[in-house]
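Some notes on the structure that comes next.
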2 protein chains.
Amino acid sequence: MPREVAIIGCGMSQFGNRTDKSLMGLLKEASSRAMQHAKVSPADISALYVSTMLAGELTNQTAVASALADELTLIPAAADRIENGPASGGSAVKNAYLAVASGLFDTVLVTGGEKMREAAGDRITDLIATMTHPTAEYVNGVTLPSLAAMFTRLYMNKYGVERKHLSMVAVKNHDNALKNPYAHIHRKITLEGICLSPEAEVNNPVIADPLRLFDMCPISDGAASVVLCSAEKAKDFTDKPVLIAGVGQATDIQAVSQRPDPTTLNAVKVSSQQAFSRARLQPKDMDVVELHDAFTILEIAESEDAGFFEKGTAHKAIEQGVTSINGKIPINPSGGLKARGHPVGATGVAQVVELTWQLRGEAGERQVKDARKAFCCNFGGFGNNVVSFVFKGEN
Amino acid sequence: MPREVAIIGCGMSQFGNRTDKSLMGLLKEASSRAMQHAKVSPADISALYVSTMLAGELTNQTAVASALADELTLIPAAADRIENGPASGGSAVKNAYLAVASGLFDTVLVTGGEKMREAAGDRITDLIATMTHPTAEYVNGVTLPSLAAMFTRLYMNKYGVERKHLSMVAVKNHDNALKNPYAHIHRKITLEGICLSPEAEVNNPVIADPLRLFDMCPISDGAASVVLCSAEKAKDFTDKPVLIAGVGQATDIQAVSQRPDPTTLNAVKVSSQQAFSRARLQPKDMDVVELHDAFTILEIAESEDAGFFEKGTAHKAIEQGVTSINGKIPINPSGGLKARGHPVGATGVAQVVELTWQLRGEAGERQVKDARKAFCCNFGGFGNNVVSFVFKGEN
């Protein structure tokens, strides 16, 4: 039996346009906050996992985990960097979980980060596209926005999702981010302003039809960090440990066009089923959820394939406010990738940070009332590698 | 207690100048051989770890683990890429070990690879240097050969190592590689030819004084792969499982000049002590050893800091033939990085492949007689992240 594993602390850097710090500076900032929150000293940490997708390509630094171990004076702690596209953060948390669950490591730090804004827009779009299928997609000029646009069109045709539903996701997540001091975007938007009014055509221009500016997450700098510990020892550090009750991870066919049904995110399905089954819980038991809304359609599709709504019905739930902070199943109280921002290697860890705060009752103005159980999924590639978690608070 | 973990099969691609295959092709080649050797089918594999240092930079493909899972029809197996500089392979094996030890995964594939030769020489030297300290080393033009040269000079001055001792490492490892069909370099060299004769100045020119051409590993393409399984289930697949008896990993101060004693490889010391202590074995118990001889001096220094020789005496042992295949402590029967080659992300896995073959009695002409226990260490950065293993055969 794996040992039980808990989160004993977390922290993150301000997400946004961080011209003031290097990638290493951002990783240090988030790590220090998590260690302080967990009340651990460097000597307590026996292993470090760092998630970043593009450190080598964008910052000319490889083996960043070894470097961060030195910067944080964690030496001789073990240190590994995980790169799994946008699922890097979730993968890193999973591997840290396994390290503790195995019994070989007691207290493990996980820090994810990315510094992306200094690279020009075209270069970033190209670098992110290197995660697509090399012959079926990448060489043909496919980018993540274009894949998401095709996915959205199929979804609209099949399930009756309309532009207004996509915009509702954006409006909700911008609203939530206004209550999150760490979010990249603090800007109130309205359904009128980005969808319903004539000015919406100007305010919210088409980027990759049918997707518009406000259907896409920003390019962000930032880092996020959590400290994991065996559940047994967690009580030595905190009276509010958050149990990692279930973990799941699944891959899928890489080229979206080769999937039997391109509108089904099978890796979301399988990884969330694994996480729920290991936790002996169900989607209906969850109080708060973070999903990987790199594009607005993904929040809708993931919320269905993870089991929160019947396929093809999530857009109706959003219309009814079910996924708002005060709704029945709050999704992305942090603001999500859409408004908290998406420093790629940080995102999976940032989801865990948000849910840790929520389950400890430390989420401030965006606190979901009586949050006891939480779920997140971190989506890599265009859904060909997904990591899911179920958490239980003792708050 | 962690579950016991065994290696049930392994395989590797031909190392060398592999213009015939892409990185993905090399990873597939090695993976298929390991799966065949282990007699596992894709459905048996529940997780995949891929180690590569420079996939994004050199081949324009990120998230390669997710892609390889698809290529090998392992879906929906979990898949992660580990990047830890030249210790990527060892880190990947360690994480696969933890995945099985935790009880969450039963059968895990680990494949490491790199395709480096297509990039021009200067670019490769620069990309590899991105693992050095960004402000104390990299921006000042430090490269791995220059760091190794300075390290060698200090070592020569302190311990009386001479040029001939370095050459003896090269001669031994070239001899061993002649018996390894997968080795990059199949070329007999002699101490006379590269060191003692007047022609040696031409045959073996200075690259970074005091290091010469034959003190350095080549730039190689290649991949290597192992299949791990819980020791309990290993017997279902093979009657020759190799137990992973001990694992160690340690980091060190990144900038070599900032270490209290730059000639001591502290991460080698700590990681090997961890591995030996977990295995309840000592260096003297080992029958065969693979070390990370990216430069000849490293085989000497690592063999001391891992505990096989007193500090400052390994060069004498080499002079006496102690580390030859028929010596008391055979080191690098595979040919080592020096002659088997060094496709960076493959190397740590290739060490494990060689020792698996040795402990199963499948190493052909280079078989170490009665090999029952083995050790390797995989050296990242300039020793700031080292992964060590102790293995036990049942052969």
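By order of appearance in the structure tokens: chains A, B, ..., then residues from 1 within every chain, and ligands from 1 in the order shown.
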
Would you give me, as a PyMOL selection string, the residues of chain A that come within 6 Å of chain B, using only C-alpha atoms?
chain A and resi 1-2+60-63+70+75-78+80-85+98-99+101-103+130-131+249-253

What is the atom CA of A:Pro181-atom CA of A:Val169 distance in Å, reported with one decimal?
19.8 Å

Top pick for closest residue to A:Arg123, considering A:Ala183, A:Ile219, A:Thr111, A:Phe382 and counting only C-alpha atoms:
A:Ile219

May I have the residues within 12 Å of stretch 148-164 of chain A as a ChimeraX atom specification, using only C-alpha atoms and disregarding those fewer than 6 positions away in the same chain?
/A:129,142,170-171,190-197,200,204,206-217,256-257,259,261-265,293-301,304,310-319,381-383

Using only C-alpha atoms, determine which residues lie at most 10 Å from A:Ala275, disregarding the query and same-chain residues fewer than 4 positions distant; provide the list as number ranges by chain.
A: 244-249, 270-271, 279-282, 375-377, 387-391

Measure the distance from atom CA of A:Lys39 to atom CA of A:Lys233 in Å and round it to one decimal.
12.9 Å

To one decimal in Å, tell me the separation between atom CA of A:Gly335 and atom CA of A:Gln351.
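Calculated distance between atom CA of A:Gly335 and atom CA of A:Gln351 is 10.3 Å.
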